[in-house]
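One structure is given here, and the rest of the page talks about it.
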Amino acid sequence: MPQVADIIAEGKRLMSVCNACRYCEGYCAVFPAMERRLTFSDADMDYLANLCHNCAECYYACQYAPPHEFGVNVPKVLAEIRARSYEKNAWPRFWPVSATWAVMAGIIVTAALAGRRATTGADFYGVISHDVMVGAFAAVFAVIILVHAAGFLRFWRDSGEKLSEAFTPAVLLNALRDGLSLKNLDSHGAGCTYPDEHHSQARRWFHHLTFYGFLLCTASTSVAAFYHSVMGWSAPYPYFSLPVVLGTLGGAGLLAGPIGLYRLKQRRDTAIIDAKQDSMDVSFLMLLFLTGMTGLLLLGLRQTNAMGLLLRIHLGVVFGLCLTLPYGKFVHGIYRWAALLRSALETARSQH
Amino acid sequence: MCAALAARESGASVMVFECAPVEYRGGNSRHTRNMRCMHNAPTGVLTDAYTEKEYWEDLQRVTGGNTSEQLARLIIRGSVEITLWMRRYGVRFQPSLEGTLHLGRTNAFFLGGGKALMNAYYSAALKLGIGVLYNAEVEELHICDGKFKSGKMLLNGQPAEFRAKTLVVASGGFEANLEWLEKVWGEAARNFIIRGTPYNKGKILKVLLDHGAEPVGDPKQCHAVAIDGRAPKFDGGIVTRLDCVPLGIVVNRYTERFYDEGEDLWPKRYAIWGRLVAQQPDQIAYSIFDSKVIGRFMPSVFPPIAASSITELAAALGLPPEKLDSSVREFNQAVRPGRFDHQILDDCRTEGLNPPKSHWAQTIDRRPFYGFPLRPGITFTYLGVKVNERAEVQGLGRNTNIFAAGEIMAGNVLGRGYLAGFGMTIGSVFGRIAGREAARAAGC
């Protein structure tokens, strides 16, 4: 395994080739960001690595790609630098990112075995008391927010930029638009070169299904919590109530999205991938998929005897997902958006 | 590839023999960036207008009249709608931008560059049922009464034969054929660096000339620029070019200056420096500048050699330290005060120096000091075969079925000099013509 310093040095070498060529400047945000620099610090490499959406269009277009002696493979090297930046910025580090699988499995099994056994029709709190559920998740949410905020700030601190400068409406809006639309996987409407050299929108759409599915599920849970605590309406909610509709749509997204992403990933051109990240990627996709699947099963079978076990499994999965978020693939969104924010800031500055 | 696609459009069944392996397919097109297109109004990828008149005048100027007006105008007019034709095959252009060469008005830029362009063509060819063989090096053509009958090639190193009703040759010049280069330029050629593909060996060019094809373009000329002396022997492409020449001084291995580095704006002068360096002892020169001008030119792939004094720099470059020091001193003393602006022909010049530096002359005195070794880097050779407006190779016979496109016939319109992006225009427009005419000659 190459040393961290070697990976960064290789990234800087590539940037010196790319910055002298610049043929790719029309592709994504990475290359204009590169052109704003003549030299590259370690922090610059982290920034460019997280700005890269790993579409590999630049690799297929590269006159210096292997077997050329310059051996330029930007998506692969930036992926390696990116993975290292996840490790570096995770704080506090409860466990290494690579242990996510084990942690996740442990949590799910524990949750499935725990809890009260009494089950009556669709009474979730008969299985696990409301207080326990809310207490546990509140604690986890606090951890998630803390760790992600810490990661974001650590990443941003490296940039040397003032956060206040980035938090202007125009810059924020651009960064949000680029992130929410996955503009950098769109390549001017053609889609990205994923899983092979031909352009396709598949990855972008499957990512949208996954991401917006995740958001809808989060929204569903939040609305349900609001119903319970503020409105005093107890679950189970009818099939056409807001939490159930949001959750069903979100759950469907979490089934289709991760499956699609996984299938594309299996067909990915091996010249570009950083294979070491497979376990991190797949465990995250698996958890998202399981969240969607167990949630939908729970909804469908909530009137049956299986409800108790299903609820414990679902909560276990969600718990596992939440606890591994800060140490798994989920963080790519945090750093990617921080990089997009910085890119939007730099772009705004260069236009003045 | 334009010829293959155009021939297929006309209904021909087409086979492409690519000498290179798949990774290096597409000849020198792989290293290109843009093409020069005539347009009377702004388009999505081109600003303002670039009329036939202006285009033709530009071409006349750079070639010194060494061009064919008939063919040149055919190409210029053909360039109007060529980008639309290219888009049909999945080629993408990038919105006009401010580059260092300010070509947004005259040149359409391929999104991702020439390799992306070639990828689009090969991908389209695959869909249209055009066969492509890689590692297929055509070595001999059987030509009878001016007509191509069959040919021999090495396919993955094994001898193979092929026959077809018509043939389009698009096999480039001879710039990668080291023996041929040495025959033309003598031992000096050993120090030349070939900027592009190692597969342009001129084999088919020679076969055609041996069969009586009429040559065109100066056989003793090549397009050469001064590039980083540390560049690989072949295929270094764009990243080895150096734009620092007008910002400092250039000396030969005896630390003597030999040409006005500030004669004119760099885009108008970069193409003469290959020849200038080739004329120096051992075909090497050194660009010397100081930290004042860092950031004023496009970075290149290898960092400059840096030192905290001129003598140390000389040692690092392998030059006699005292002599370089006195050359720089002599230059510095000749620099007259002025207002430096590297974007225009400014008034910073030398006085009493031979050769003078007419613009951008600033004293070299702020450490660290920098140097780049320069070598002649060959882009292409001018020798080709003469063609008519149907792309038929001339001199073989009245009813020939051999057509030519690209660099192998570029000398018809570009007998000398160069116009940025014109090579791709010639290749694309004549590729289409050659493909269409070859299909017609095959009875399609």
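Following the order of the structure tokens, first chain is A, next is B, and so on, with residues numbered from 1 inside each chain and ligands from 1 in the order they appear.
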
Rows by chain and residue number, chain A within 12 Å of chain B, shortest pair, only C-alpha atoms, as JSON lines:
```
{"residue": "A:Lys12", "atom": "CA", "partner": "B:Val301", "partner_atom": "CA", "distance": 11.2}
{"residue": "A:Arg13", "atom": "CA", "partner": "B:Val301", "partner_atom": "CA", "distance": 8.7}
{"residue": "A:Leu14", "atom": "CA", "partner": "B:Val301", "partner_atom": "CA", "distance": 9.1}
{"residue": "A:Met15", "atom": "CA", "partner": "B:Val301", "partner_atom": "CA", "distance": 8.9}
{"residue": "A:Ser16", "atom": "CA", "partner": "B:Val301", "partner_atom": "CA", "distance": 5.5}
{"residue": "A:Val17", "atom": "CA", "partner": "B:Val301", "partner_atom": "CA", "distance": 4.9}
{"residue": "A:Cys18", "atom": "CA", "partner": "B:Val239", "partner_atom": "CA", "distance": 8.0}
{"residue": "A:Asn19", "atom": "CA", "partner": "B:Pro299", "partner_atom": "CA", "distance": 6.6}
{"residue": "A:Ala20", "atom": "CA", "partner": "B:Ser300", "partner_atom": "CA", "distance": 4.5}
{"residue": "A:Cys21", "atom": "CA", "partner": "B:Val239", "partner_atom": "CA", "distance": 5.1}
{"residue": "A:Arg22", "atom": "CA", "partner": "B:Gly112", "partner_atom": "CA", "distance": 8.6}
{"residue": "A:Tyr23", "atom": "CA", "partner": "B:Gly112", "partner_atom": "CA", "distance": 5.2}
{"residue": "A:Cys24", "atom": "CA", "partner": "B:Gly112", "partner_atom": "CA", "distance": 4.5}
{"residue": "A:Glu25", "atom": "CA", "partner": "B:Gly112", "partner_atom": "CA", "distance": 7.3}
{"residue": "A:Gly26", "atom": "CA", "partner": "B:Leu111", "partner_atom": "CA", "distance": 6.0}
{"residue": "A:Tyr27", "atom": "CA", "partner": "B:Gly112", "partner_atom": "CA", "distance": 6.9}
{"residue": "A:Cys28", "atom": "CA", "partner": "B:Gly112", "partner_atom": "CA", "distance": 10.4}
{"residue": "A:Phe31", "atom": "CA", "partner": "B:Gly112", "partner_atom": "CA", "distance": 11.0}
{"residue": "A:Pro32", "atom": "CA", "partner": "B:Leu97", "partner_atom": "CA", "distance": 11.8}
{"residue": "A:Met34", "atom": "CA", "partner": "B:Pro299", "partner_atom": "CA", "distance": 11.7}
{"residue": "A:Glu35", "atom": "CA", "partner": "B:Pro299", "partner_atom": "CA", "distance": 9.7}
{"residue": "A:Arg36", "atom": "CA", "partner": "B:Gly295", "partner_atom": "CA", "distance": 10.9}
{"residue": "A:Arg37", "atom": "CA", "partner": "B:Gly295", "partner_atom": "CA", "distance": 9.6}
{"residue": "A:Leu38", "atom": "CA", "partner": "B:Pro299", "partner_atom": "CA", "distance": 7.2}
{"residue": "A:Thr39", "atom": "CA", "partner": "B:Pro299", "partner_atom": "CA", "distance": 9.8}
{"residue": "A:Ala56", "atom": "CA", "partner": "B:Gly112", "partner_atom": "CA", "distance": 11.6}
{"residue": "A:Glu57", "atom": "CA", "partner": "B:Gly112", "partner_atom": "CA", "distance": 8.2}
{"residue": "A:Cys58", "atom": "CA", "partner": "B:Gly112", "partner_atom": "CA", "distance": 7.0}
{"residue": "A:Tyr59", "atom": "CA", "partner": "B:Ala116", "partner_atom": "CA", "distance": 9.8}
{"residue": "A:Tyr60", "atom": "CA", "partner": "B:Ala116", "partner_atom": "CA", "distance": 7.1}
{"residue": "A:Ala61", "atom": "CA", "partner": "B:Ala116", "partner_atom": "CA", "distance": 4.5}
{"residue": "A:Cys62", "atom": "CA", "partner": "B:Lys115", "partner_atom": "CA", "distance": 6.6}
{"residue": "A:Gln63", "atom": "CA", "partner": "B:Lys115", "partner_atom": "CA", "distance": 6.1}
{"residue": "A:Tyr64", "atom": "CA", "partner": "B:Gly236", "partner_atom": "CA", "distance": 8.3}
{"residue": "A:Ala65", "atom": "CA", "partner": "B:Glu23", "partner_atom": "CA", "distance": 8.5}
{"residue": "A:Pro66", "atom": "CA", "partner": "B:Glu23", "partner_atom": "CA", "distance": 8.1}
{"residue": "A:Pro67", "atom": "CA", "partner": "B:Glu23", "partner_atom": "CA", "distance": 7.5}
{"residue": "A:His68", "atom": "CA", "partner": "B:Asp235", "partner_atom": "CA", "distance": 8.2}
{"residue": "A:Glu69", "atom": "CA", "partner": "B:Pro232", "partner_atom": "CA", "distance": 8.3}
{"residue": "A:Phe70", "atom": "CA", "partner": "B:Gly236", "partner_atom": "CA", "distance": 8.6}
{"residue": "A:Gly71", "atom": "CA", "partner": "B:Gly236", "partner_atom": "CA", "distance": 11.8}
{"residue": "A:Val72", "atom": "CA", "partner": "B:Val301", "partner_atom": "CA", "distance": 12.0}
{"residue": "A:Ser187", "atom": "CA", "partner": "B:Leu111", "partner_atom": "CA", "distance": 10.0}
{"residue": "A:His188", "atom": "CA", "partner": "B:Gln94", "partner_atom": "CA", "distance": 9.4}
{"residue": "A:Gly189", "atom": "CA", "partner": "B:Arg92", "partner_atom": "CA", "distance": 11.0}
{"residue": "A:Ala190", "atom": "CA", "partner": "B:Arg92", "partner_atom": "CA", "distance": 9.6}
{"residue": "A:Thr193", "atom": "CA", "partner": "B:Ala116", "partner_atom": "CA", "distance": 11.6}
{"residue": "A:Glu197", "atom": "CA", "partner": "B:Asn119", "partner_atom": "CA", "distance": 8.8}
{"residue": "A:His198", "atom": "CA", "partner": "B:Ser123", "partner_atom": "CA", "distance": 8.4}
{"residue": "A:His199", "atom": "CA", "partner": "B:Gly90", "partner_atom": "CA", "distance": 10.2}
```

Selection near Leu208 (chain B), 10 Å with only C-alpha atoms, sequence-local residues under 2 positions removed, as a PyMOL selection string: chain B and resi 140-141+143+169+202-206+210-215+384-385+393-396+402

Neighbour list for region 228-232 of chain A as a list in words, cut-off 12 Å, only C-alpha atoms, skip fewer than 2 positions in-chain: Tyr125, His130, Asp131, Val134, Thr221, Ser222, Val223, Ala224, Ala225, Phe226, Ser234, Ala235, Pro236, Tyr237 and Pro243 of chain A

Using DSSP assignments from the backbone, pull out every residue in region 127-167 of chain B that falls under strand (DSSP E) and give it to me as a CSV table (one decimal) with C-alpha atoms, in the first residue's frame.
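Result saved to out-v3.csv:
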```csv
chain,number,residue,atom,x,y,z
B,131,GLY,CA,-14.5,-2.2,-38.7
B,132,VAL,CA,-11.4,-1.0,-37.0
B,133,LEU,CA,-8.2,-3.0,-36.8
B,136,ALA,CA,-2.4,-2.8,-38.3
B,137,GLU,CA,0.7,-1.3,-40.0
B,138,VAL,CA,0.2,-1.1,-43.7
B,139,GLU,CA,3.5,-1.6,-45.4
B,140,GLU,CA,3.0,-2.1,-49.1
B,141,LEU,CA,0.4,-1.2,-51.7
B,142,HIS,CA,-0.1,-3.0,-54.9
B,143,ILE,CA,-0.9,-0.3,-57.4
B,144,CYS,CA,-1.5,-1.1,-61.1
B,147,LYS,CA,-5.2,1.9,-59.3
B,148,PHE,CA,-4.9,0.4,-55.9
B,149,LYS,CA,-5.6,-3.4,-56.0
B,150,SER,CA,-4.4,-4.8,-52.7
B,151,GLY,CA,-2.0,-4.2,-49.8
B,152,LYS,CA,0.2,-5.9,-47.3
B,153,MET,CA,0.3,-5.1,-43.6
B,154,LEU,CA,1.6,-6.3,-40.3
B,155,LEU,CA,-1.4,-7.1,-38.1
B,158,GLN,CA,1.9,-11.0,-38.4
B,159,PRO,CA,1.8,-10.5,-42.2
B,160,ALA,CA,-1.7,-10.0,-43.6
B,161,GLU,CA,-3.1,-9.0,-47.0
B,162,PHE,CA,-6.1,-6.9,-47.7
B,163,ARG,CA,-8.0,-5.7,-50.8
B,167,LEU,CA,-8.4,3.4,-50.6
```

Who sits within 9 Å of region 282-286 of chain A, only C-alpha atoms, same chain under 5 positions skipped, as a ChimeraX atom specification: /A:100-101,104,210,254,257-259,261-262,277,291,321,324-325,328-330

Prev. selection, N, CA and C atoms, output as a CSV table (one decimal), in the first residue's frame:
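Saved to out.csv:
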```csv
chain,number,residue,atom,x,y,z
A,100,THR,N,-16.1,-0.2,9.7
A,100,THR,CA,-17.5,0.1,9.6
A,100,THR,C,-18.4,-1.1,9.5
A,101,TRP,N,-18.0,-2.1,8.7
A,101,TRP,CA,-18.8,-3.3,8.5
A,101,TRP,C,-19.0,-4.0,9.9
A,104,MET,N,-21.3,-2.0,12.2
A,104,MET,CA,-22.7,-2.1,11.7
A,104,MET,C,-23.4,-3.4,12.0
A,210,THR,N,-31.2,7.8,-4.4
A,210,THR,CA,-30.6,7.4,-3.1
A,210,THR,C,-30.7,8.6,-2.1
A,254,LEU,N,-34.6,4.4,-1.6
A,254,LEU,CA,-33.5,3.7,-1.0
A,254,LEU,C,-33.4,2.2,-1.4
A,257,GLY,N,-32.2,3.2,-5.7
A,257,GLY,CA,-31.0,3.9,-5.8
A,257,GLY,C,-29.7,3.1,-5.5
A,258,PRO,N,-29.7,2.6,-4.3
A,258,PRO,CA,-28.5,1.8,-3.9
A,258,PRO,C,-28.3,0.5,-4.8
A,259,ILE,N,-29.4,-0.1,-5.2
A,259,ILE,CA,-29.2,-1.3,-6.1
A,259,ILE,C,-28.6,-0.8,-7.4
A,261,LEU,N,-26.8,1.9,-8.0
A,261,LEU,CA,-25.4,2.3,-7.8
A,261,LEU,C,-24.5,1.1,-7.7
A,262,TYR,N,-25.0,0.1,-7.0
A,262,TYR,CA,-24.2,-1.1,-6.8
A,262,TYR,C,-23.9,-1.8,-8.1
A,277,GLN,N,-11.6,1.2,-1.3
A,277,GLN,CA,-12.8,1.8,-0.8
A,277,GLN,C,-14.0,1.0,-1.1
A,291,THR,N,-32.1,-0.2,5.1
A,291,THR,CA,-33.0,0.7,5.8
A,291,THR,C,-34.3,0.8,5.0
A,321,LEU,N,-26.8,2.5,10.7
A,321,LEU,CA,-26.6,3.5,9.6
A,321,LEU,C,-26.2,4.8,10.3
A,324,THR,N,-22.7,4.7,11.9
A,324,THR,CA,-21.6,4.6,11.0
A,324,THR,C,-21.5,5.8,10.0
A,325,LEU,N,-22.5,6.6,10.0
A,325,LEU,CA,-22.5,7.7,9.1
A,325,LEU,C,-21.2,8.5,9.1
A,328,GLY,N,-18.2,6.5,7.6
A,328,GLY,CA,-18.4,5.7,6.4
A,328,GLY,C,-18.5,6.6,5.2
A,329,LYS,N,-19.1,6.0,4.1
A,329,LYS,CA,-19.1,6.7,2.9
A,329,LYS,C,-20.0,8.0,2.9
A,330,PHE,N,-20.9,8.1,3.9
A,330,PHE,CA,-21.7,9.2,4.0
A,330,PHE,C,-20.9,10.5,4.0
```

Region 359-370 of chain B surroundings by only C-alpha atoms, 9 Å radius, close-in-sequence under 5 positions cut, as a PyMOL selection string: chain B and resi 246-249+260-265+287-292+304-310+313+328-329+331-342+344-350

I need the residues from that last selection saved to file as a short mmCIF file (atom, residue, chain, number, x, y, z; two decimals), in the first residue's frame (with N, CA and C atoms), if you can.
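Everything below was put into out-v6.cif:
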```cif
data_model
loop_
_atom_site.label_atom_id
_atom_site.label_comp_id
_atom_site.auth_asym_id
_atom_site.auth_seq_id
_atom_site.Cartn_x
_atom_site.Cartn_y
_atom_site.Cartn_z
N PRO B 246 9.84 34.83 -24.35
CA PRO B 246 9.86 36.30 -24.48
C PRO B 246 10.04 37.03 -23.15
N LEU B 247 9.97 36.31 -22.03
CA LEU B 247 10.04 36.98 -20.73
C LEU B 247 11.46 37.03 -20.17
N GLY B 248 12.38 36.30 -20.80
CA GLY B 248 13.76 36.30 -20.31
C GLY B 248 14.72 36.40 -21.49
N ILE B 249 15.88 35.75 -21.32
CA ILE B 249 16.80 35.68 -22.46
C ILE B 249 17.02 34.21 -22.81
N ASP B 260 16.42 37.77 -31.17
CA ASP B 260 15.60 38.72 -30.41
C ASP B 260 14.41 37.98 -29.78
N GLU B 261 14.48 37.79 -28.47
CA GLU B 261 13.40 37.04 -27.79
C GLU B 261 12.09 37.82 -27.76
N GLY B 262 12.21 39.13 -27.92
CA GLY B 262 11.02 39.97 -27.82
C GLY B 262 10.60 40.57 -29.14
N GLU B 263 10.87 39.86 -30.22
CA GLU B 263 10.62 40.41 -31.55
C GLU B 263 9.14 40.73 -31.77
N ASP B 264 8.29 39.81 -31.38
CA ASP B 264 6.85 40.01 -31.59
C ASP B 264 6.10 39.20 -30.53
N LEU B 265 4.76 39.38 -30.52
CA LEU B 265 3.95 38.65 -29.54
C LEU B 265 4.20 37.16 -29.68
N SER B 287 16.58 28.93 -21.72
CA SER B 287 15.81 30.13 -21.42
C SER B 287 16.09 30.51 -19.98
N ILE B 288 16.55 31.73 -19.79
CA ILE B 288 16.95 32.19 -18.44
C ILE B 288 16.06 33.37 -18.03
N PHE B 289 15.50 33.31 -16.84
CA PHE B 289 14.67 34.43 -16.37
C PHE B 289 14.73 34.46 -14.84
N ASP B 290 14.11 35.49 -14.27
CA ASP B 290 14.16 35.58 -12.81
C ASP B 290 12.75 35.56 -12.23
N SER B 291 12.67 35.69 -10.92
CA SER B 291 11.38 35.47 -10.24
C SER B 291 10.34 36.54 -10.55
N LYS B 292 10.77 37.65 -11.18
CA LYS B 292 9.80 38.70 -11.52
C LYS B 292 8.71 38.20 -12.46
N PRO B 304 10.92 24.63 -13.68
CA PRO B 304 12.21 25.17 -14.12
C PRO B 304 13.30 24.83 -13.11
N ILE B 305 14.52 24.83 -13.59
CA ILE B 305 15.65 24.63 -12.68
C ILE B 305 15.91 25.97 -11.98
N ALA B 306 16.00 25.92 -10.66
CA ALA B 306 16.09 27.17 -9.89
C ALA B 306 17.41 27.25 -9.15
N ALA B 307 17.88 28.47 -8.96
CA ALA B 307 19.10 28.67 -8.17
C ALA B 307 19.09 30.08 -7.62
N SER B 308 19.90 30.30 -6.58
CA SER B 308 19.86 31.61 -5.93
C SER B 308 20.86 32.59 -6.55
N SER B 309 21.67 32.11 -7.51
CA SER B 309 22.55 33.05 -8.23
C SER B 309 22.70 32.56 -9.66
N ILE B 310 23.11 33.45 -10.54
CA ILE B 310 23.28 33.09 -11.94
C ILE B 310 24.36 32.02 -12.10
N LEU B 313 22.96 28.76 -11.12
CA LEU B 313 22.03 28.31 -12.15
C LEU B 313 22.79 27.71 -13.33
N VAL B 328 24.50 37.63 -18.75
CA VAL B 328 23.35 38.23 -18.08
C VAL B 328 23.66 39.67 -17.71
N ARG B 329 24.89 39.88 -17.23
CA ARG B 329 25.31 41.23 -16.85
C ARG B 329 25.26 42.18 -18.06
N PHE B 331 23.47 41.82 -20.72
CA PHE B 331 22.07 42.05 -21.06
C PHE B 331 21.45 43.09 -20.12
N ASN B 332 21.69 42.90 -18.82
CA ASN B 332 21.09 43.80 -17.83
C ASN B 332 21.51 45.26 -18.07
N GLN B 333 22.78 45.42 -18.46
CA GLN B 333 23.26 46.79 -18.67
C GLN B 333 22.62 47.44 -19.89
N ALA B 334 22.17 46.62 -20.82
CA ALA B 334 21.58 47.17 -22.06
C ALA B 334 20.09 47.45 -21.93
N VAL B 335 19.49 46.99 -20.82
CA VAL B 335 18.05 47.17 -20.66
C VAL B 335 17.73 48.64 -20.38
N ARG B 336 16.80 49.18 -21.18
CA ARG B 336 16.37 50.57 -20.98
C ARG B 336 15.09 50.58 -20.14
N PRO B 337 14.89 51.63 -19.36
CA PRO B 337 13.67 51.65 -18.56
C PRO B 337 12.42 51.72 -19.44
N GLY B 338 11.35 51.14 -18.97
CA GLY B 338 10.10 51.15 -19.73
C GLY B 338 8.99 50.62 -18.85
N ARG B 339 7.80 50.60 -19.41
CA ARG B 339 6.66 50.08 -18.64
C ARG B 339 6.34 48.67 -19.14
N PHE B 340 6.59 47.69 -18.26
CA PHE B 340 6.47 46.30 -18.67
C PHE B 340 5.00 45.88 -18.79
N ASP B 341 4.66 45.30 -19.92
CA ASP B 341 3.33 44.69 -20.09
C ASP B 341 3.47 43.56 -21.10
N HIS B 342 3.41 42.32 -20.60
CA HIS B 342 3.69 41.20 -21.50
C HIS B 342 2.52 40.89 -22.44
N ILE B 344 1.10 43.19 -24.41
CA ILE B 344 1.21 44.04 -25.61
C ILE B 344 2.68 44.19 -25.98
N LEU B 345 2.92 44.82 -27.14
CA LEU B 345 4.30 45.13 -27.52
C LEU B 345 4.72 46.34 -26.70
N ASP B 346 5.32 46.09 -25.54
CA ASP B 346 5.61 47.20 -24.63
C ASP B 346 6.90 47.93 -25.03
N ASP B 347 7.30 48.90 -24.20
CA ASP B 347 8.48 49.69 -24.57
C ASP B 347 9.73 49.29 -23.78
N CYS B 348 9.70 48.08 -23.21
CA CYS B 348 10.89 47.59 -22.50
C CYS B 348 11.83 46.94 -23.51
N ARG B 349 12.94 47.60 -23.79
CA ARG B 349 13.83 47.07 -24.81
C ARG B 349 15.28 47.30 -24.41
N THR B 350 16.15 46.72 -25.18
CA THR B 350 17.58 46.91 -24.92
C THR B 350 18.14 47.93 -25.90
#
```

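The spacing separating CA of Asn354 (chain B) from CA of Ile284 (chain B) amounts to 19.9 Å.
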
Arg257 (chain B) surroundings by only C-alpha atoms, 8 Å radius, close-in-sequence under 3 positions cut, as a list in words: Ile249, Val250, Val251, Asn252, Ser327 and Pro355 of chain B

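Counting from CA of Ala166 (chain A), the distance to CA of Ser41 (chain A) is 20.6 Å.
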
Among listed residues B:Arg253, B:Arg230, B:Arg25, B:Lys268, nearest Thr197 (chain B) (using only C-alpha atoms): B:Arg25

Nearest to Glu9 (chain B) by atom-to-atom distance, counting only C-alpha atoms, from B:Lys323, B:Lys386, B:Arg88, B:Arg269: B:Arg88

Residues flagged helix (DSSP H, G or I) by DSSP in region 205-434 of chain B, as a VMD selection string: chain B and resid 205 to 210 237 to 240 245 to 247 266 to 278 281 to 283 291 to 293 310 to 317 321 to 334 407 to 410 422 to 434
